[in-house]
>>> print(open('data.csv').read())   # CSV, C-alpha atoms
chain,number,residue,atom,x,y,z
A,675,ASP,CA,105.5,119.4,59.3
A,676,ARG,CA,108.9,118.1,60.4
A,677,SER,CA,109.9,121.3,62.1
A,678,VAL,CA,106.7,121.4,64.2
A,679,SER,CA,107.2,117.7,65.2
A,680,ARG,CA,110.8,118.5,66.2
A,681,GLY,CA,109.6,121.5,68.2
A,682,LEU,CA,107.0,119.4,70.0
A,683,GLY,CA,109.6,116.7,70.7
A,684,ASP,CA,111.9,119.3,72.3
A,685,VAL,CA,109.1,120.6,74.5
A,686,TYR,CA,108.2,117.0,75.6
A,687,LYS,CA,111.9,116.3,76.3
A,688,ARG,CA,112.2,119.4,78.4
A,689,GLN,CA,109.0,118.5,80.3
A,690,LEU,CA,110.5,115.1,81.1
A,691,GLN,CA,113.8,116.8,82.2
A,692,LYS,CA,111.8,119.1,84.6
A,693,GLN,CA,109.9,116.2,86.1
A,694,PHE,CA,113.1,114.3,86.7
A,695,PHE,CA,114.8,117.4,88.1
A,696,LEU,CA,112.0,117.9,90.7
A,697,GLU,CA,111.8,114.2,91.7
A,698,SER,CA,115.5,113.7,91.9
A,699,TYR,CA,115.7,115.8,95.0
A,700,VAL,CA,113.6,113.3,97.0
A,701,PRO,CA,116.0,110.4,97.1
A,702,LEU,CA,118.8,112.9,97.6
A,703,SER,CA,117.2,114.2,100.8
A,704,ALA,CA,116.5,110.6,101.9
A,705,TYR,CA,120.2,109.7,101.5
A,706,PHE,CA,121.2,112.9,103.4
A,707,TYR,CA,119.2,112.0,106.5
A,708,ALA,CA,119.9,108.2,106.3
A,709,LEU,CA,123.6,108.2,105.7
A,710,PRO,CA,124.7,109.5,109.1
A,711,SER,CA,122.8,106.7,111.0
A,712,LYS,CA,124.2,104.1,108.6
A,713,VAL,CA,127.7,105.3,108.9
A,714,GLY,CA,127.3,105.6,112.7
A,715,GLY,CA,126.0,102.1,112.9
A,716,LEU,CA,128.9,100.8,110.8
A,717,LEU,CA,131.5,102.6,113.0
A,718,LYS,CA,129.8,101.3,116.2
A,719,THR,CA,130.0,97.8,114.9
A,720,TYR,CA,133.8,97.8,114.4
A,721,ILE,CA,134.9,100.5,116.9
A,722,LYS,CA,133.3,100.1,120.3
A,723,ASN,CA,135.1,102.9,122.1
A,724,VAL,CA,133.4,106.3,121.7
A,725,TYR,CA,136.5,108.4,121.7
A,726,LEU,CA,138.4,106.1,119.3
A,727,ARG,CA,135.4,106.3,117.0
A,728,ALA,CA,135.5,110.0,117.0
A,729,ILE,CA,139.2,110.0,116.3
A,730,VAL,CA,138.8,107.6,113.4
A,731,SER,CA,136.0,109.6,111.8
A,732,ALA,CA,138.0,112.8,112.1
A,733,LEU,CA,141.1,111.2,110.5
A,734,ILE,CA,138.9,109.9,107.6
A,735,VAL,CA,137.6,113.4,106.9
A,736,ILE,CA,141.1,115.0,107.3
A,737,VAL,CA,142.8,112.5,105.0
A,738,PHE,CA,140.2,112.8,102.2
A,739,ALA,CA,140.2,116.6,102.6
A,740,PHE,CA,143.9,116.5,101.6
A,741,LEU,CA,143.6,113.8,98.9
A,742,LEU,CA,140.6,115.2,97.0
A,743,PRO,CA,141.0,118.1,94.6
A,744,ASP,CA,140.1,121.3,96.5
A,745,GLY,CA,139.1,119.0,99.4
A,746,LYS,CA,139.3,121.7,102.1
A,747,SER,CA,136.3,123.5,100.5
A,748,TYR,CA,134.1,120.6,101.7
A,749,LEU,CA,134.9,121.2,105.3
A,750,GLY,CA,132.7,123.4,107.5
A,751,SER,CA,129.0,124.2,106.9
A,752,GLY,CA,129.4,124.5,103.1
A,753,SER,CA,128.3,128.1,102.7
A,754,ASN,CA,131.2,128.6,100.3
A,755,LEU,CA,129.8,125.9,98.0
A,756,ILE,CA,126.3,127.5,98.2
A,757,GLU,CA,127.8,130.8,97.1
A,758,GLN,CA,129.8,129.2,94.3
A,759,SER,CA,126.7,127.3,93.0
A,760,ILE,CA,124.4,130.3,92.9
A,761,GLN,CA,126.8,133.2,92.0
A,762,GLU,CA,129.4,131.5,89.9
A,763,GLU,CA,127.0,128.9,88.5
A,764,THR,CA,129.8,126.3,88.4
A,765,ILE,CA,130.6,123.4,90.7
A,766,PHE,CA,132.5,120.1,90.8
A,767,PRO,CA,130.1,117.4,89.6
A,768,ALA,CA,130.5,115.2,92.6
A,769,ALA,CA,130.6,118.1,95.2
A,770,PHE,CA,127.1,117.2,96.6
A,771,LEU,CA,128.2,113.6,97.1
A,772,ILE,CA,131.5,114.5,98.8
A,773,LYS,CA,129.8,117.0,101.1
A,774,MET,CA,127.1,114.4,102.0
A,775,LEU,CA,129.7,111.8,102.8
A,776,PHE,CA,131.8,114.2,104.8
A,777,THR,CA,128.7,115.2,106.8
A,778,ALA,CA,127.7,111.6,107.3
A,779,VAL,CA,131.2,110.5,108.6
A,780,THR,CA,131.3,113.6,110.9
A,781,LEU,CA,127.9,113.0,112.5
A,782,GLY,CA,128.2,109.2,112.4
A,783,GLY,CA,131.5,109.4,114.3
A,784,GLY,CA,129.8,111.2,117.2
A,785,PHE,CA,130.5,114.8,116.5
A,786,LYS,CA,127.6,117.2,117.1
A,787,GLY,CA,126.8,119.9,114.6
A,788,GLY,CA,124.1,121.4,112.4
A,789,GLU,CA,122.6,119.5,109.5
A,790,ILE,CA,120.6,122.3,108.0
A,791,VAL,CA,123.3,124.3,106.3
A,792,PRO,CA,124.9,121.2,104.9
A,793,SER,CA,121.5,120.2,103.5
A,794,PHE,CA,121.4,123.6,101.8
A,795,CYS,CA,124.9,122.9,100.5
A,796,VAL,CA,124.0,119.5,99.1
A,797,GLY,CA,120.9,120.8,97.4
A,798,ALA,CA,122.5,123.8,95.9
A,799,SER,CA,125.6,121.9,94.6
A,800,PHE,CA,123.4,119.2,93.1
A,801,GLY,CA,121.0,121.7,91.6
A,802,CYS,CA,123.9,123.6,90.0
A,803,PHE,CA,125.4,120.5,88.6
A,804,PHE,CA,122.1,119.2,87.2
A,805,GLY,CA,121.1,122.6,85.8
A,806,SER,CA,124.4,122.7,83.8
A,807,LEU,CA,123.8,119.1,82.7
A,808,ALA,CA,120.2,119.5,81.6
A,809,GLY,CA,120.4,123.0,80.1
A,810,PHE,CA,118.6,124.9,82.8
A,811,ALA,CA,119.8,128.0,84.6
A,812,PRO,CA,122.3,126.7,87.1
A,813,SER,CA,121.6,129.4,89.7
A,814,LEU,CA,117.9,128.8,89.6
A,815,CYS,CA,118.3,125.1,89.9
A,816,ALA,CA,120.7,125.6,92.8
A,817,ALA,CA,118.2,127.8,94.6
A,818,MET,CA,115.4,125.2,94.0
A,819,GLY,CA,117.7,122.4,95.2
A,820,MET,CA,118.4,124.3,98.4
A,821,VAL,CA,114.8,124.6,99.5
A,822,ALA,CA,113.7,121.3,98.1
A,823,VAL,CA,116.3,119.2,99.9
A,824,PHE,CA,115.7,121.2,103.1
A,825,CYS,CA,112.0,120.5,102.9
A,826,GLY,CA,112.7,116.8,102.2
A,827,VAL,CA,114.9,116.3,105.3
A,828,THR,CA,112.8,118.4,107.7
A,829,ASN,CA,109.2,117.9,106.4
A,830,CYS,CA,108.5,121.6,106.9
A,831,PRO,CA,107.0,123.0,103.7
A,832,ILE,CA,105.7,126.3,105.0
A,833,THR,CA,109.1,127.1,106.5
A,834,SER,CA,110.8,126.1,103.2
A,835,ILE,CA,108.5,128.4,101.3
A,836,LEU,CA,109.3,131.3,103.6
A,837,ILE,CA,113.0,130.7,103.4
A,838,ALA,CA,112.8,130.6,99.6
A,839,PHE,CA,110.9,134.0,99.6
A,840,GLU,CA,113.4,135.5,102.0
A,841,LEU,CA,116.5,134.4,100.2
A,842,PHE,CA,115.5,134.6,96.6
A,843,GLY,CA,112.5,136.9,96.4
A,844,PHE,CA,109.2,136.4,94.6
A,845,ASP,CA,110.3,136.4,90.9
A,846,SER,CA,110.9,132.6,90.9
A,847,ALA,CA,108.3,131.8,93.6
A,848,HIS,CA,106.3,129.4,91.4
A,849,TYR,CA,109.4,127.3,90.7
A,850,MET,CA,110.3,127.2,94.4
A,851,ILE,CA,106.8,126.3,95.5
A,852,LEU,CA,106.5,123.5,92.9
A,853,ALA,CA,109.9,122.0,94.0
A,854,ILE,CA,108.9,122.2,97.7
A,855,ALA,CA,105.5,120.7,97.1
A,856,VAL,CA,106.8,117.7,95.2
A,857,SER,CA,109.6,117.1,97.7
A,858,TYR,CA,107.2,117.2,100.6
A,859,ALA,CA,104.7,115.0,98.9
A,860,MET,CA,107.3,112.3,98.2
A,861,SER,CA,109.3,112.5,101.4
A,862,GLY,CA,106.8,110.5,103.6
A,863,TYR,CA,107.1,110.9,107.3
A,864,TYR,CA,110.8,110.3,107.5
A,865,GLY,CA,113.3,113.1,108.3
A,866,LEU,CA,116.2,114.3,110.4
A,867,TYR,CA,114.1,114.5,113.6
A,868,ALA,CA,112.8,111.3,115.0
A,869,ASP,CA,110.5,113.0,117.4
A,870,GLN,CA,108.7,114.8,114.7
A,871,THR,CA,105.2,113.2,114.6
A,872,ILE,CA,101.8,114.0,113.1
A,873,ASP,CA,98.7,113.8,115.4
A,874,ILE,CA,96.6,111.5,113.2
A,875,GLN,CA,93.8,111.2,115.7
A,876,SER,CA,93.1,114.9,115.8
A,877,ILE,CA,93.3,115.2,112.0
A,878,GLU,CA,90.9,112.3,111.6
A,879,GLN,CA,88.2,114.3,113.5
A,880,SER,CA,88.3,117.0,110.9
A,881,SER,CA,86.9,117.0,107.4
A,882,SER,CA,87.0,114.1,105.0
A,883,THR,CA,89.3,116.2,102.7
A,884,ALA,CA,91.9,116.2,105.5
A,885,ARG,CA,91.6,112.5,105.9
A,886,GLN,CA,92.2,112.0,102.2
A,887,THR,CA,95.2,114.3,102.4
A,888,ILE,CA,96.8,112.2,105.2
A,889,LYS,CA,96.0,109.0,103.4
A,890,CYS,CA,97.6,110.2,100.2
A,891,LYS,CA,100.6,111.8,102.1
A,892,ALA,CA,101.4,108.3,103.4
A,893,ASP,CA,101.3,106.9,99.9
A,894,ILE,CA,104.4,108.5,98.6
A,895,ARG,CA,104.1,106.6,95.3
A,896,ASN,CA,101.3,109.0,94.2
A,897,PRO,CA,102.5,112.5,95.1
A,898,PHE,CA,100.6,114.4,92.4
A,899,ARG,CA,97.2,113.1,93.6
A,900,TYR,CA,98.2,114.4,97.0
A,901,LEU,CA,99.0,117.9,95.6
A,902,LEU,CA,95.6,118.0,93.9
A,903,ILE,CA,93.8,117.1,97.2
A,904,CYS,CA,95.8,119.8,99.0
A,905,ILE,CA,94.7,122.4,96.4
A,906,GLN,CA,91.1,121.3,96.8
A,907,ALA,CA,91.4,121.7,100.5
A,908,LEU,CA,92.5,125.3,100.1
A,909,LEU,CA,89.6,126.2,97.8
A,910,PRO,CA,86.4,127.5,99.4
>>> encode(input="data.csv", output="structure tokens")
Amino acid sequence: DRSVSRGLGDVYKRQLQKQFFLESYVPLSAYFYALPSKVGGLLKTYIKNVYLRAIVSALIVIVFAFLLPDGKSYLGSGSNLIEQSIQEETIFPAAFLIKMLFTAVTLGGGFKGGEIVPSFCVGASFGCFFGSLAGFAPSLCAAMGMVAVFCGVTNCPITSILIAFELFGFDSAHYMILAIAVSYAMSGYYGLYADQTIDIQSIEQSSSTARQTIKCKADIRNPFRYLLICIQALLP
């Protein structure tokens, strides 16, 4: 029947959209923690003086804050954009990119500040934009984006799950856990904190299931196999 085929086609299309939605957070988190070091290296190459480098980066942010439409909303931690993405379910399409660049220029120029709330902001604004584009609930996508990007840049899945439960309750817990699991599985061992390490030797002394988990965690090209191994490890 043509109507049944069309219905199955719509289901398959939405499944592909969901898969892309979950996996799209991973390169976003990678760009978030890689951009500040790249921008900082570029500024150090052309501007040797530390104080002049900070002044130049500050001027760049100030100039673009006045030039861009509603540019001042991208200053600060970005909590206003998070609130707009979740409550109003509308956001400027390039808001996540602008906020990411503003954060990279600020940190790369030598200013010290938090990266966690800006990562929430980038994830929420991208999720809201993608949800509106793909036909999903923008507020739900914004919430998933927040915790998924946070997990991708910190490699802290348990913390991300607890934050998701505390902020958004348990009604959408299965969506949150799925987004966090895929983000963690595909993020590898790279993140904001260079001192964050995993004691491989201690883990290798445990069960063979744990060894398989570490092996598959390193292979970020096969994240779903890693998720299956993790589920098997939790089963009695």
>>> atom_distance(input="data.csv", atom1="CA of Met850 in chain A", atom2="CA of Ala838 in chain A")
6.7 Å
>>> closest_residue(input="data.csv", among="A:Gly715, A:Phe766, A:Tyr849, A:Ile790", to="Asp744 in chain A", atoms="only C-alpha atoms")
A:Phe766
>>> residues_near_point(input="data.csv", point="(125.6, 127.5, 96.9)", cutoff="9 Å", atoms="all atoms listed in the file", output="list in words")
Gly752, Ser753, Asn754, Leu755, Ile756, Glu757, Gln758, Ser759, Ile760, Gln761, Glu762, Glu763, Ile765, Phe794, Cys795, Val796, Gly797, Ala798, Ser799, Cys802, Ser813, Ala816, Ala817 and Met820 of chain A
>>> closest_residue(input="data.csv", among="A:Leu717, A:Gly865, A:Ser711, A:Pro767", to="Leu807 in chain A", atoms="all atoms listed in the file")
A:Pro767
>>> atom_distance(input="data.csv", atom1="CA of Lys746 in chain A", atom2="CA of Leu771 in chain A")
14.6 Å
>>> residues_near_point(input="data.csv", point="(111.3, 129.8, 105.6)", cutoff="12 Å", atoms="all atoms listed in the file", output="PyMOL selection string")
chain A and resi 820-822+824-825+828+830-843+850-851+854
>>> closest_residue(input="data.csv", among="A:Asn723, A:Ser731, A:Thr764, A:Thr777", to="Tyr748 in chain A", atoms="only C-alpha atoms")
A:Thr777
>>> closest_residue(input="data.csv", among="A:Ile736, A:Ala708, A:Val713, A:Val730", to="Tyr867 in chain A", atoms="all atoms listed in the file")
A:Ala708
>>> atom_distance(input="data.csv", atom1="CA of Pro743 in chain A", atom2="CA of Phe776 in chain A")
14.3 Å
>>> closest_residue(input="data.csv", among="A:Ala728, A:Ala769, A:Phe800, A:Leu852", to="Ser747 in chain A", atoms="all atoms listed in the file")
A:Ala769
>>> closest_residue(input="data.csv", among="A:Glu789, A:Gly783, A:Leu702, A:Ala808", to="Met860 in chain A", atoms="all atoms listed in the file")
A:Leu702
>>> residues_around(input="data.csv", residues="Leu726 in chain A", least_positions_apart="6", cutoff="12 Å", atoms="all atoms listed in the file", output="list in words")
Leu717, Lys718, Tyr720, Ala732, Leu733, Gly783 and Gly784 of chain A
>>> decode(input="data.csv", residues="range 737-775 of chain A", atoms="N, CA and C atoms", output="compact mmCIF listing (two decimals), in the first residue's frame")
# COMPACT_ATOMS: atom_id res chain seq x y z
N VAL A 737 34.18 44.83 19.50
CA VAL A 737 33.79 45.31 18.17
C VAL A 737 32.69 44.44 17.58
N PHE A 738 32.85 43.12 17.67
CA PHE A 738 31.83 42.24 17.09
C PHE A 738 30.56 42.23 17.92
N ALA A 739 30.66 42.52 19.21
CA ALA A 739 29.46 42.62 20.03
C ALA A 739 28.58 43.78 19.59
N PHE A 740 29.20 44.85 19.07
CA PHE A 740 28.44 45.99 18.57
C PHE A 740 28.02 45.81 17.11
N LEU A 741 28.81 45.07 16.33
CA LEU A 741 28.50 44.91 14.91
C LEU A 741 27.41 43.87 14.67
N LEU A 742 27.43 42.78 15.42
CA LEU A 742 26.46 41.70 15.21
C LEU A 742 25.09 42.10 15.73
N PRO A 743 24.03 41.59 15.11
CA PRO A 743 22.68 41.87 15.62
C PRO A 743 22.50 41.26 17.00
N ASP A 744 22.10 42.10 17.95
CA ASP A 744 21.92 41.66 19.34
C ASP A 744 23.21 41.03 19.87
N GLY A 745 24.34 41.65 19.50
CA GLY A 745 25.63 41.07 19.83
C GLY A 745 25.94 41.04 21.31
N LYS A 746 25.38 41.96 22.08
CA LYS A 746 25.68 42.01 23.51
C LYS A 746 25.13 40.80 24.25
N SER A 747 24.16 40.10 23.66
CA SER A 747 23.60 38.92 24.33
C SER A 747 24.59 37.75 24.35
N TYR A 748 25.64 37.83 23.55
CA TYR A 748 26.64 36.76 23.52
C TYR A 748 27.78 37.00 24.50
N LEU A 749 27.74 38.10 25.22
CA LEU A 749 28.73 38.36 26.24
C LEU A 749 28.33 37.66 27.54
N GLY A 750 29.30 37.45 28.41
CA GLY A 750 29.00 36.79 29.67
C GLY A 750 28.97 35.28 29.54
N SER A 751 28.34 34.66 30.52
CA SER A 751 28.33 33.19 30.57
C SER A 751 27.39 32.57 29.55
N GLY A 752 26.36 33.29 29.14
CA GLY A 752 25.41 32.76 28.16
C GLY A 752 24.15 32.20 28.77
N SER A 753 23.91 32.46 30.05
CA SER A 753 22.70 31.94 30.69
C SER A 753 21.43 32.50 30.06
N ASN A 754 21.52 33.72 29.52
CA ASN A 754 20.36 34.31 28.86
C ASN A 754 19.99 33.53 27.60
N LEU A 755 20.98 33.05 26.86
CA LEU A 755 20.72 32.25 25.67
C LEU A 755 20.17 30.87 26.03
N ILE A 756 20.63 30.31 27.14
CA ILE A 756 20.09 29.03 27.60
C ILE A 756 18.61 29.17 27.93
N GLU A 757 18.28 30.22 28.66
CA GLU A 757 16.88 30.47 29.02
C GLU A 757 16.03 30.70 27.77
N GLN A 758 16.55 31.45 26.81
CA GLN A 758 15.82 31.70 25.59
C GLN A 758 15.60 30.42 24.79
N SER A 759 16.60 29.55 24.74
CA SER A 759 16.49 28.32 23.97
C SER A 759 15.47 27.36 24.56
N ILE A 760 15.42 27.28 25.89
CA ILE A 760 14.55 26.30 26.53
C ILE A 760 13.14 26.84 26.74
N GLN A 761 13.01 28.08 27.18
CA GLN A 761 11.69 28.62 27.52
C GLN A 761 10.99 29.21 26.30
N GLU A 762 11.71 30.00 25.51
CA GLU A 762 11.08 30.64 24.35
C GLU A 762 11.13 29.78 23.10
N GLU A 763 11.99 28.75 23.09
CA GLU A 763 12.13 27.81 21.98
C GLU A 763 12.43 28.51 20.66
N THR A 764 13.22 29.56 20.72
CA THR A 764 13.65 30.26 19.51
C THR A 764 15.03 30.84 19.76
N ILE A 765 15.85 30.82 18.71
CA ILE A 765 17.23 31.28 18.84
C ILE A 765 17.75 31.66 17.47
N PHE A 766 18.68 32.60 17.44
CA PHE A 766 19.34 32.95 16.19
C PHE A 766 20.13 31.74 15.68
N PRO A 767 19.99 31.35 14.41
CA PRO A 767 20.60 30.10 13.94
C PRO A 767 22.09 29.98 14.20
N ALA A 768 22.83 31.07 14.11
CA ALA A 768 24.28 31.02 14.31
C ALA A 768 24.69 31.39 15.73
N ALA A 769 23.76 31.36 16.67
CA ALA A 769 24.07 31.77 18.04
C ALA A 769 25.13 30.88 18.66
N PHE A 770 25.03 29.58 18.44
CA PHE A 770 26.01 28.66 19.04
C PHE A 770 27.40 28.91 18.49
N LEU A 771 27.50 29.23 17.21
CA LEU A 771 28.80 29.48 16.59
C LEU A 771 29.41 30.80 17.09
N ILE A 772 28.57 31.84 17.20
CA ILE A 772 29.05 33.13 17.69
C ILE A 772 29.54 33.00 19.14
N LYS A 773 28.75 32.33 19.96
CA LYS A 773 29.14 32.16 21.37
C LYS A 773 30.43 31.36 21.47
N MET A 774 30.58 30.35 20.64
CA MET A 774 31.78 29.54 20.68
C MET A 774 33.01 30.35 20.28
N LEU A 775 32.86 31.20 19.27
CA LEU A 775 33.97 32.05 18.83
C LEU A 775 34.31 33.11 19.87
